[in-house]
$ cat query-v3.cif   # mmCIF, C-alpha atoms
data_start
loop_
_atom_site.label_atom_id
_atom_site.label_comp_id
_atom_site.auth_asym_id
_atom_site.auth_seq_id
_atom_site.Cartn_x
_atom_site.Cartn_y
_atom_site.Cartn_z
CA ALA A 1 -8.13 -1.78 13.29
CA ARG A 2 -11.69 -2.95 13.84
CA ASP A 3 -12.54 0.16 15.86
CA ALA A 4 -11.04 2.36 13.14
CA GLY A 5 -12.86 0.45 10.40
CA ALA A 6 -9.55 -0.45 8.78
CA GLU A 7 -9.34 -3.56 6.64
CA VAL A 8 -6.76 -6.07 7.87
CA ARG A 9 -4.64 -8.26 5.63
CA VAL A 10 -2.15 -10.92 6.66
CA LEU A 11 1.06 -11.14 4.66
CA GLY A 12 3.55 -14.00 4.62
CA ASN A 13 6.84 -13.29 2.87
CA GLY A 14 5.13 -11.50 0.00
CA SER A 15 6.83 -13.80 -2.51
CA ASN A 16 3.57 -14.71 -4.27
CA LEU A 17 2.08 -11.24 -4.22
CA LEU A 18 1.74 -8.22 -6.46
CA ILE A 19 0.72 -4.87 -4.97
CA ARG A 20 -0.61 -2.10 -7.15
CA ASP A 21 1.23 1.21 -7.28
CA GLY A 22 -1.25 2.87 -4.93
CA GLY A 23 -0.39 0.46 -2.13
CA VAL A 24 -2.81 -1.27 0.22
CA ARG A 25 -5.42 0.51 2.31
CA GLY A 26 -5.69 -0.62 5.90
CA LEU A 27 -3.44 -2.62 8.17
CA VAL A 28 -1.05 -5.28 6.89
CA LEU A 29 0.18 -7.82 9.44
CA GLN A 30 3.39 -9.67 8.69
CA LEU A 31 4.78 -12.43 10.85
CA GLY A 32 8.48 -12.23 10.17
CA GLU A 33 11.86 -12.91 11.69
CA LEU A 34 10.69 -12.27 15.27
CA PHE A 35 8.13 -15.04 14.86
CA SER A 36 10.22 -17.65 13.08
CA GLU A 37 11.37 -20.31 15.54
CA VAL A 38 11.52 -23.99 14.59
CA SER A 39 11.21 -26.54 17.39
CA ASP A 40 13.49 -29.41 18.22
CA PRO A 41 12.24 -32.73 16.86
CA VAL A 42 9.60 -34.66 18.80
CA PRO A 43 9.28 -38.42 18.20
CA LEU A 44 5.78 -39.59 17.32
CA PRO A 45 4.30 -43.00 18.24
CA ASP A 46 4.14 -44.05 14.57
CA GLY A 47 7.91 -43.65 14.06
CA ARG A 48 7.71 -40.27 12.37
CA VAL A 49 9.13 -37.11 13.92
CA ALA A 50 7.31 -33.80 14.41
CA LEU A 51 8.77 -30.33 13.87
CA THR A 52 6.78 -27.20 14.68
CA ALA A 53 7.60 -23.90 13.03
CA GLN A 54 6.17 -20.50 13.82
CA GLY A 55 4.22 -18.91 10.98
CA GLY A 56 6.88 -16.31 10.15
CA ALA A 57 9.67 -18.85 9.62
CA THR A 58 10.69 -19.20 6.01
CA LEU A 59 9.82 -22.49 4.41
CA GLN A 60 13.52 -22.88 3.59
CA LYS A 61 14.38 -22.56 7.29
CA LEU A 62 12.00 -25.42 8.07
CA CYS A 63 13.43 -27.50 5.20
CA ASN A 64 16.97 -26.89 6.48
CA ALA A 65 15.96 -27.87 10.01
CA ALA A 66 14.46 -31.09 8.65
CA ALA A 67 17.72 -31.84 6.84
CA ASP A 68 19.76 -31.00 9.95
CA TYR A 69 17.76 -33.61 11.86
CA ALA A 70 17.93 -36.10 8.94
CA LEU A 71 14.18 -35.98 8.34
CA SER A 72 12.56 -36.61 4.97
CA GLY A 73 9.28 -35.32 3.59
CA LEU A 74 9.91 -31.64 2.90
CA GLU A 75 12.44 -32.01 0.09
CA PHE A 76 9.85 -30.87 -2.49
CA ALA A 77 9.57 -27.55 -0.64
CA SER A 78 13.27 -26.69 -0.84
CA GLY A 79 13.65 -23.40 -2.63
CA ILE A 80 9.99 -22.41 -2.44
CA PRO A 81 10.05 -18.78 -1.32
CA GLY A 82 7.72 -17.71 1.43
CA THR A 83 6.87 -18.44 5.02
CA VAL A 84 5.64 -21.60 6.68
CA GLY A 85 2.35 -19.84 7.43
CA GLY A 86 1.96 -18.83 3.80
CA ALA A 87 2.84 -22.34 2.63
CA ALA A 88 0.10 -23.82 4.84
CA PHE A 89 -2.34 -21.05 3.86
CA MET A 90 -2.05 -21.91 0.16
CA ASN A 91 -1.05 -25.59 0.45
CA ALA A 92 2.24 -24.92 -1.33
CA GLY A 93 3.69 -27.68 -3.47
CA ALA A 94 6.02 -28.28 -6.36
CA TYR A 95 6.52 -30.48 -9.40
CA ASP A 96 3.94 -32.92 -8.11
CA GLY A 97 6.78 -33.78 -5.72
CA GLN A 98 8.23 -36.12 -8.30
CA MET A 99 11.81 -35.96 -9.47
CA ALA A 100 13.03 -39.15 -11.02
CA GLY A 101 10.70 -40.97 -8.65
CA ILE A 102 12.68 -39.82 -5.60
CA VAL A 103 10.00 -38.10 -3.57
CA GLU A 104 6.38 -38.98 -2.94
CA LYS A 105 5.40 -35.92 -0.87
CA THR A 106 4.05 -33.22 -3.14
CA GLU A 107 2.25 -30.56 -1.12
CA MET A 108 2.19 -29.20 2.40
CA LYS A 109 -0.99 -31.19 3.08
CA ASP A 110 1.12 -34.35 2.81
CA VAL A 111 3.25 -33.44 5.84
CA ILE A 112 1.15 -31.07 7.98
CA THR A 113 -0.46 -32.58 11.06
CA HIS A 114 -1.70 -29.40 12.77
CA VAL A 115 -2.02 -25.68 12.14
CA THR A 116 -2.49 -23.08 14.87
CA ALA A 117 -4.03 -19.73 13.94
CA CYS A 118 -5.20 -16.45 15.42
CA LEU A 119 -8.73 -15.42 14.53
CA PRO A 120 -9.72 -11.78 13.94
CA ASP A 121 -11.16 -11.57 17.47
CA GLY A 122 -7.82 -12.64 18.98
CA ARG A 123 -8.78 -16.22 19.84
CA THR A 124 -6.30 -18.97 19.04
CA VAL A 125 -7.56 -22.08 17.29
CA ALA A 126 -5.93 -25.34 16.23
CA TYR A 127 -6.88 -27.28 13.13
CA SER A 128 -5.96 -30.86 12.27
CA ASN A 129 -4.86 -31.73 8.76
CA GLU A 130 -8.36 -32.98 8.00
CA GLU A 131 -9.99 -29.80 9.36
CA MET A 132 -7.77 -27.68 7.09
CA ASP A 133 -9.69 -29.03 4.08
CA PHE A 134 -6.63 -28.78 1.84
CA GLY A 135 -7.00 -28.72 -1.92
CA TYR A 136 -4.96 -27.47 -4.85
CA ARG A 137 -3.52 -24.15 -3.60
CA LYS A 138 -6.28 -23.83 -1.03
CA SER A 139 -7.01 -24.45 2.62
CA LYS A 140 -9.83 -23.80 5.04
CA ILE A 141 -8.04 -20.61 6.10
CA ASN A 142 -7.77 -18.98 2.68
CA GLN A 143 -11.47 -19.65 2.10
CA GLN A 144 -12.54 -17.50 5.08
CA PRO A 145 -14.03 -14.01 4.58
CA GLU A 146 -11.93 -12.48 7.38
CA PRO A 147 -8.15 -12.63 7.70
CA ILE A 148 -6.74 -15.41 9.85
CA ALA A 149 -3.04 -15.43 10.80
CA ILE A 150 -1.33 -18.82 10.88
CA THR A 151 0.87 -18.74 13.96
CA SER A 152 2.42 -22.21 13.78
CA VAL A 153 2.52 -25.33 11.66
CA THR A 154 3.45 -28.84 12.78
CA VAL A 155 4.75 -31.34 10.24
CA ALA A 156 5.41 -35.07 10.60
CA LEU A 157 8.51 -36.30 8.81
CA THR A 158 10.32 -39.60 8.39
CA PRO A 159 13.84 -40.32 9.64
CA ALA A 160 16.22 -40.72 6.68
CA ASP A 161 19.83 -40.42 5.62
CA GLU A 162 20.87 -36.77 5.98
CA GLU A 163 22.98 -36.67 2.83
CA THR A 164 20.17 -38.19 0.75
CA VAL A 165 17.76 -35.55 2.09
CA ARG A 166 20.23 -32.75 1.32
CA ALA A 167 21.00 -34.10 -2.17
CA THR A 168 17.30 -34.22 -3.01
CA MET A 169 16.82 -30.69 -1.65
CA ARG A 170 19.73 -29.45 -3.79
CA GLU A 171 18.16 -31.11 -6.83
CA PHE A 172 14.77 -29.47 -6.24
CA SER A 173 16.39 -26.07 -5.59
CA ALA A 174 18.49 -26.32 -8.77
CA ARG A 175 15.44 -27.29 -10.80
CA ARG A 176 13.53 -24.32 -9.39
CA ARG A 177 16.40 -21.92 -10.23
CA GLU A 178 16.55 -23.25 -13.79
#
$ encode --input "query-v3.cif" --output "structure tokens"
Amino acid sequence: ARDAGAEVRVLGNGSNLLIRDGGVRGLVLQLGELFSEVSDPVPLPDGRVALTAQGGATLQKLCNAAADYALSGLEFASGIPGTVGGAAFMNAGAYDGQMAGIVEKTEMKDVITHVTACLPDGRTVAYSNEEMDFGYRKSKINQQPEPIAITSVTVALTPADEETVRATMREFSARRRE
């Protein structure tokens, strides 16, 4: 693409995107189903548990994996369309995370520990939560002039009762549908 002078854009799930009728000039990269694995849980020294998802995994897939492992912290994200990479890119969040005082996590920045990305020159880099410089619907990556593809995201979650996690996820999803 660089040799051809083609502009490159990185696309998540396209769920927060409008494309004009004429389409997009250049190359569009989409990390999808073939780049959507979610790791097994890894215990952390502080008692939390880490899950790592590839950038093309849907955010719902990561939420479901967290519930399967009885891990709390991503309930607010249940029902948010899009990929894990896109959610980290824009620091996705919902409802200030609050629903009858149930949940205190509100945005991806509250659970992300690390983000791995591929730079335009092909190098892989890792950013800590602090290095991502998260803000309201922004991150270090979406502030860059050249496209950067988020290849994986690691979150730290808290062990919890599985049914409580699932009930809260159902509540957030129902509220989103309404």
$ atom_distance --input "query-v3.cif" --atom1 "atom CA of A:Glu75" --atom2 "atom CA of A:Ile148"
27.2 Å
$ resolve_selection --input "query-v3.cif" --expression "the PyMOL selection byres ((chain A and resi 87) around 10)" --output "list in words"
Gly12, Asn13, Gly55, Thr58, Leu59, Ala77, Ile80, Pro81, Gly82, Thr83, Val84, Gly85, Gly86, Ala88, Phe89, Met90, Asn91, Ala92, Gly93, Glu107, Met108, Lys109, Arg137, Lys138, Ile150 and Val153 of chain A
$ write_last_selection --input "query-v3.cif" --atoms "C-alpha atoms" --output "PDB file, keeping the file's coordinate frame"
ATOM      1  CA  GLY A  12       3.550 -14.000   4.620  1.00  0.00           C
ATOM      2  CA  ASN A  13       6.840 -13.290   2.870  1.00  0.00           C
ATOM      3  CA  GLY A  55       4.220 -18.910  10.980  1.00  0.00           C
ATOM      4  CA  THR A  58      10.690 -19.200   6.010  1.00  0.00           C
ATOM      5  CA  LEU A  59       9.820 -22.490   4.410  1.00  0.00           C
ATOM      6  CA  ALA A  77       9.570 -27.550  -0.640  1.00  0.00           C
ATOM      7  CA  ILE A  80       9.990 -22.410  -2.440  1.00  0.00           C
ATOM      8  CA  PRO A  81      10.050 -18.780  -1.320  1.00  0.00           C
ATOM      9  CA  GLY A  82       7.720 -17.710   1.430  1.00  0.00           C
ATOM     10  CA  THR A  83       6.870 -18.440   5.020  1.00  0.00           C
ATOM     11  CA  VAL A  84       5.640 -21.600   6.680  1.00  0.00           C
ATOM     12  CA  GLY A  85       2.350 -19.840   7.430  1.00  0.00           C
ATOM     13  CA  GLY A  86       1.960 -18.830   3.800  1.00  0.00           C
ATOM     14  CA  ALA A  88       0.100 -23.820   4.840  1.00  0.00           C
ATOM     15  CA  PHE A  89      -2.340 -21.050   3.860  1.00  0.00           C
ATOM     16  CA  MET A  90      -2.050 -21.910   0.160  1.00  0.00           C
ATOM     17  CA  ASN A  91      -1.050 -25.590   0.450  1.00  0.00           C
ATOM     18  CA  ALA A  92       2.240 -24.920  -1.330  1.00  0.00           C
ATOM     19  CA  GLY A  93       3.690 -27.680  -3.470  1.00  0.00           C
ATOM     20  CA  GLU A 107       2.250 -30.560  -1.120  1.00  0.00           C
ATOM     21  CA  MET A 108       2.190 -29.200   2.400  1.00  0.00           C
ATOM     22  CA  LYS A 109      -0.990 -31.190   3.080  1.00  0.00           C
ATOM     23  CA  ARG A 137      -3.520 -24.150  -3.600  1.00  0.00           C
ATOM     24  CA  LYS A 138      -6.280 -23.830  -1.030  1.00  0.00           C
ATOM     25  CA  ILE A 150      -1.330 -18.820  10.880  1.00  0.00           C
ATOM     26  CA  VAL A 153       2.520 -25.330  11.660  1.00  0.00           C
TER      27      VAL A 153
END
$ resolve_selection --input "query-v3.cif" --expression "the PyMOL selection byres ((chain A and resi 32-40) around 8)" --output "PyMOL selection string"
chain A and resi 12-13+30-31+41-42+51-58+61-62+65
$ closest_residue --input "query-v3.cif" --among "A:Val125, A:Met132, A:Ala149, A:Ala67" --to "A:Arg170" --atoms "only C-alpha atoms"
A:Ala67
$ atom_distance --input "query-v3.cif" --atom1 "atom CA of A:Ser152" --atom2 "atom CA of A:Thr124"
10.7 Å
$ atom_distance --input "query-v3.cif" --atom1 "atom CA of A:Thr113" --atom2 "atom CA of A:Leu17"
26.4 Å
$ residues_around --input "query-v3.cif" --residues "A:Arg9" --least-positions-apart "3" --cutoff "10 Å" --atoms "all atoms listed in the file" --output "VMD selection string"
chain A and resid 6 24 to 30 146 to 149
$ resolve_selection --input "query-v3.cif" --expression "the PyMOL selection byres ((chain A and resi 173) around 9)" --output "ChimeraX atom specification"
/A:76-80,168-172,174-178
$ residues_around --input "query-v3.cif" --residues "A:Leu44" --least-positions-apart "5" --cutoff "9 Å" --atoms "all atoms listed in the file" --output "PyMOL selection string"
chain A and resi 49-50+156
$ closest_residue --input "query-v3.cif" --among "A:Val8, A:Leu119, A:Ala126, A:Ala167" --to "A:Thr154" --atoms "only C-alpha atoms"
A:Ala126
$ closest_residue --input "query-v3.cif" --among "A:Pro45, A:Gly22, A:Gly135, A:Pro120" --to "A:Glu7" --atoms "all atoms listed in the file"
A:Pro120
$ residues_near_point --input "query-v3.cif" --point "(11.7, -38.6, 10.0)" --cutoff "8 Å" --atoms "only C-alpha atoms" --output "VMD selection string"
chain A and resid 47 to 50 70 to 73 156 to 160
$ build_atoms --input "query-v3.cif" --residues "stretch 5-16 of chain A" --atoms "all heavy atoms" --output "PDB file, in the coordinates of the input"
ATOM      1  N   GLY A   5     -12.247   0.845  11.666  1.00  0.00           N
ATOM      2  CA  GLY A   5     -12.860   0.450  10.400  1.00  0.00           C
ATOM      3  C   GLY A   5     -11.847   0.148   9.321  1.00  0.00           C
ATOM      4  O   GLY A   5     -12.158   0.188   8.135  1.00  0.00           O
ATOM      5  N   ALA A   6     -10.613  -0.163   9.748  1.00  0.00           N
ATOM      6  CA  ALA A   6      -9.550  -0.450   8.780  1.00  0.00           C
ATOM      7  C   ALA A   6      -9.570  -1.927   8.397  1.00  0.00           C
ATOM      8  O   ALA A   6      -9.691  -2.801   9.252  1.00  0.00           O
ATOM      9  CB  ALA A   6      -8.192  -0.086   9.367  1.00  0.00           C
ATOM     10  N   GLU A   7      -9.432  -2.181   7.113  1.00  0.00           N
ATOM     11  CA  GLU A   7      -9.340  -3.560   6.640  1.00  0.00           C
ATOM     12  C   GLU A   7      -7.991  -4.133   7.064  1.00  0.00           C
ATOM     13  O   GLU A   7      -6.976  -3.437   7.055  1.00  0.00           O
ATOM     14  CB  GLU A   7      -9.467  -3.611   5.120  1.00  0.00           C
ATOM     15  CG  GLU A   7      -9.555  -5.015   4.593  1.00  0.00           C
ATOM     16  CD  GLU A   7      -9.867  -5.070   3.111  1.00  0.00           C
ATOM     17  OE1 GLU A   7     -10.224  -4.032   2.524  1.00  0.00           O
ATOM     18  OE2 GLU A   7      -9.749  -6.166   2.555  1.00  0.00           O
ATOM     19  N   VAL A   8      -7.981  -5.396   7.446  1.00  0.00           N
ATOM     20  CA  VAL A   8      -6.760  -6.070   7.870  1.00  0.00           C
ATOM     21  C   VAL A   8      -6.415  -7.154   6.877  1.00  0.00           C
ATOM     22  O   VAL A   8      -7.273  -7.918   6.448  1.00  0.00           O
ATOM     23  CB  VAL A   8      -6.919  -6.685   9.285  1.00  0.00           C
ATOM     24  CG1 VAL A   8      -5.667  -7.442   9.695  1.00  0.00           C
ATOM     25  CG2 VAL A   8      -7.254  -5.607  10.302  1.00  0.00           C
ATOM     26  N   ARG A   9      -5.157  -7.211   6.509  1.00  0.00           N
ATOM     27  CA  ARG A   9      -4.640  -8.260   5.630  1.00  0.00           C
ATOM     28  C   ARG A   9      -3.445  -8.902   6.314  1.00  0.00           C
ATOM     29  O   ARG A   9      -2.693  -8.233   7.004  1.00  0.00           O
ATOM     30  CB  ARG A   9      -4.222  -7.701   4.281  1.00  0.00           C
ATOM     31  CG  ARG A   9      -5.370  -7.086   3.511  1.00  0.00           C
ATOM     32  CD  ARG A   9      -4.853  -6.475   2.223  1.00  0.00           C
ATOM     33  NE  ARG A   9      -5.869  -5.667   1.595  1.00  0.00           N
ATOM     34  CZ  ARG A   9      -6.712  -6.107   0.680  1.00  0.00           C
ATOM     35  NH1 ARG A   9      -6.666  -7.360   0.298  1.00  0.00           N
ATOM     36  NH2 ARG A   9      -7.603  -5.294   0.151  1.00  0.00           N
ATOM     37  N   VAL A  10      -3.287 -10.197   6.101  1.00  0.00           N
ATOM     38  CA  VAL A  10      -2.150 -10.920   6.660  1.00  0.00           C
ATOM     39  C   VAL A  10      -1.212 -11.246   5.507  1.00  0.00           C
ATOM     40  O   VAL A  10      -1.636 -11.749   4.464  1.00  0.00           O
ATOM     41  CB  VAL A  10      -2.595 -12.216   7.374  1.00  0.00           C
ATOM     42  CG1 VAL A  10      -1.396 -12.961   7.928  1.00  0.00           C
ATOM     43  CG2 VAL A  10      -3.585 -11.884   8.488  1.00  0.00           C
ATOM     44  N   LEU A  11       0.051 -10.956   5.691  1.00  0.00           N
ATOM     45  CA  LEU A  11       1.060 -11.140   4.660  1.00  0.00           C
ATOM     46  C   LEU A  11       2.107 -12.130   5.143  1.00  0.00           C
ATOM     47  O   LEU A  11       2.595 -12.016   6.266  1.00  0.00           O
ATOM     48  CB  LEU A  11       1.723  -9.787   4.347  1.00  0.00           C
ATOM     49  CG  LEU A  11       2.898  -9.774   3.384  1.00  0.00           C
ATOM     50  CD1 LEU A  11       2.429 -10.141   1.982  1.00  0.00           C
ATOM     51  CD2 LEU A  11       3.525  -8.385   3.373  1.00  0.00           C
ATOM     52  N   GLY A  12       2.441 -13.091   4.311  1.00  0.00           N
ATOM     53  CA  GLY A  12       3.550 -14.000   4.620  1.00  0.00           C
ATOM     54  C   GLY A  12       4.849 -13.303   4.256  1.00  0.00           C
ATOM     55  O   GLY A  12       5.162 -12.235   4.753  1.00  0.00           O
ATOM     56  N   ASN A  13       5.575 -13.878   3.318  1.00  0.00           N
ATOM     57  CA  ASN A  13       6.840 -13.290   2.870  1.00  0.00           C
ATOM     58  C   ASN A  13       6.627 -12.347   1.693  1.00  0.00           C
ATOM     59  O   ASN A  13       7.539 -11.662   1.271  1.00  0.00           O
ATOM     60  CB  ASN A  13       7.811 -14.418   2.493  1.00  0.00           C
ATOM     61  CG  ASN A  13       9.253 -14.000   2.559  1.00  0.00           C
ATOM     62  OD1 ASN A  13       9.630 -13.202   3.403  1.00  0.00           O
ATOM     63  ND2 ASN A  13      10.057 -14.532   1.672  1.00  0.00           N
ATOM     64  N   GLY A  14       5.425 -12.357   1.136  1.00  0.00           N
ATOM     65  CA  GLY A  14       5.130 -11.500   0.000  1.00  0.00           C
ATOM     66  C   GLY A  14       5.710 -12.018  -1.309  1.00  0.00           C
ATOM     67  O   GLY A  14       5.716 -11.316  -2.312  1.00  0.00           O
ATOM     68  N   SER A  15       6.173 -13.263  -1.317  1.00  0.00           N
ATOM     69  CA  SER A  15       6.830 -13.800  -2.510  1.00  0.00           C
ATOM     70  C   SER A  15       5.853 -14.249  -3.586  1.00  0.00           C
ATOM     71  O   SER A  15       6.259 -14.505  -4.702  1.00  0.00           O
ATOM     72  CB  SER A  15       7.741 -14.969  -2.117  1.00  0.00           C
ATOM     73  OG  SER A  15       7.025 -15.923  -1.369  1.00  0.00           O
ATOM     74  N   ASN A  16       4.577 -14.316  -3.283  1.00  0.00           N
ATOM     75  CA  ASN A  16       3.570 -14.710  -4.270  1.00  0.00           C
ATOM     76  C   ASN A  16       2.507 -13.609  -4.336  1.00  0.00           C
ATOM     77  O   ASN A  16       1.322 -13.880  -4.343  1.00  0.00           O
ATOM     78  CB  ASN A  16       2.940 -16.049  -3.850  1.00  0.00           C
ATOM     79  CG  ASN A  16       2.172 -16.691  -4.973  1.00  0.00           C
ATOM     80  OD1 ASN A  16       2.436 -16.447  -6.138  1.00  0.00           O
ATOM     81  ND2 ASN A  16       1.198 -17.510  -4.627  1.00  0.00           N
TER      82      ASN A  16
END
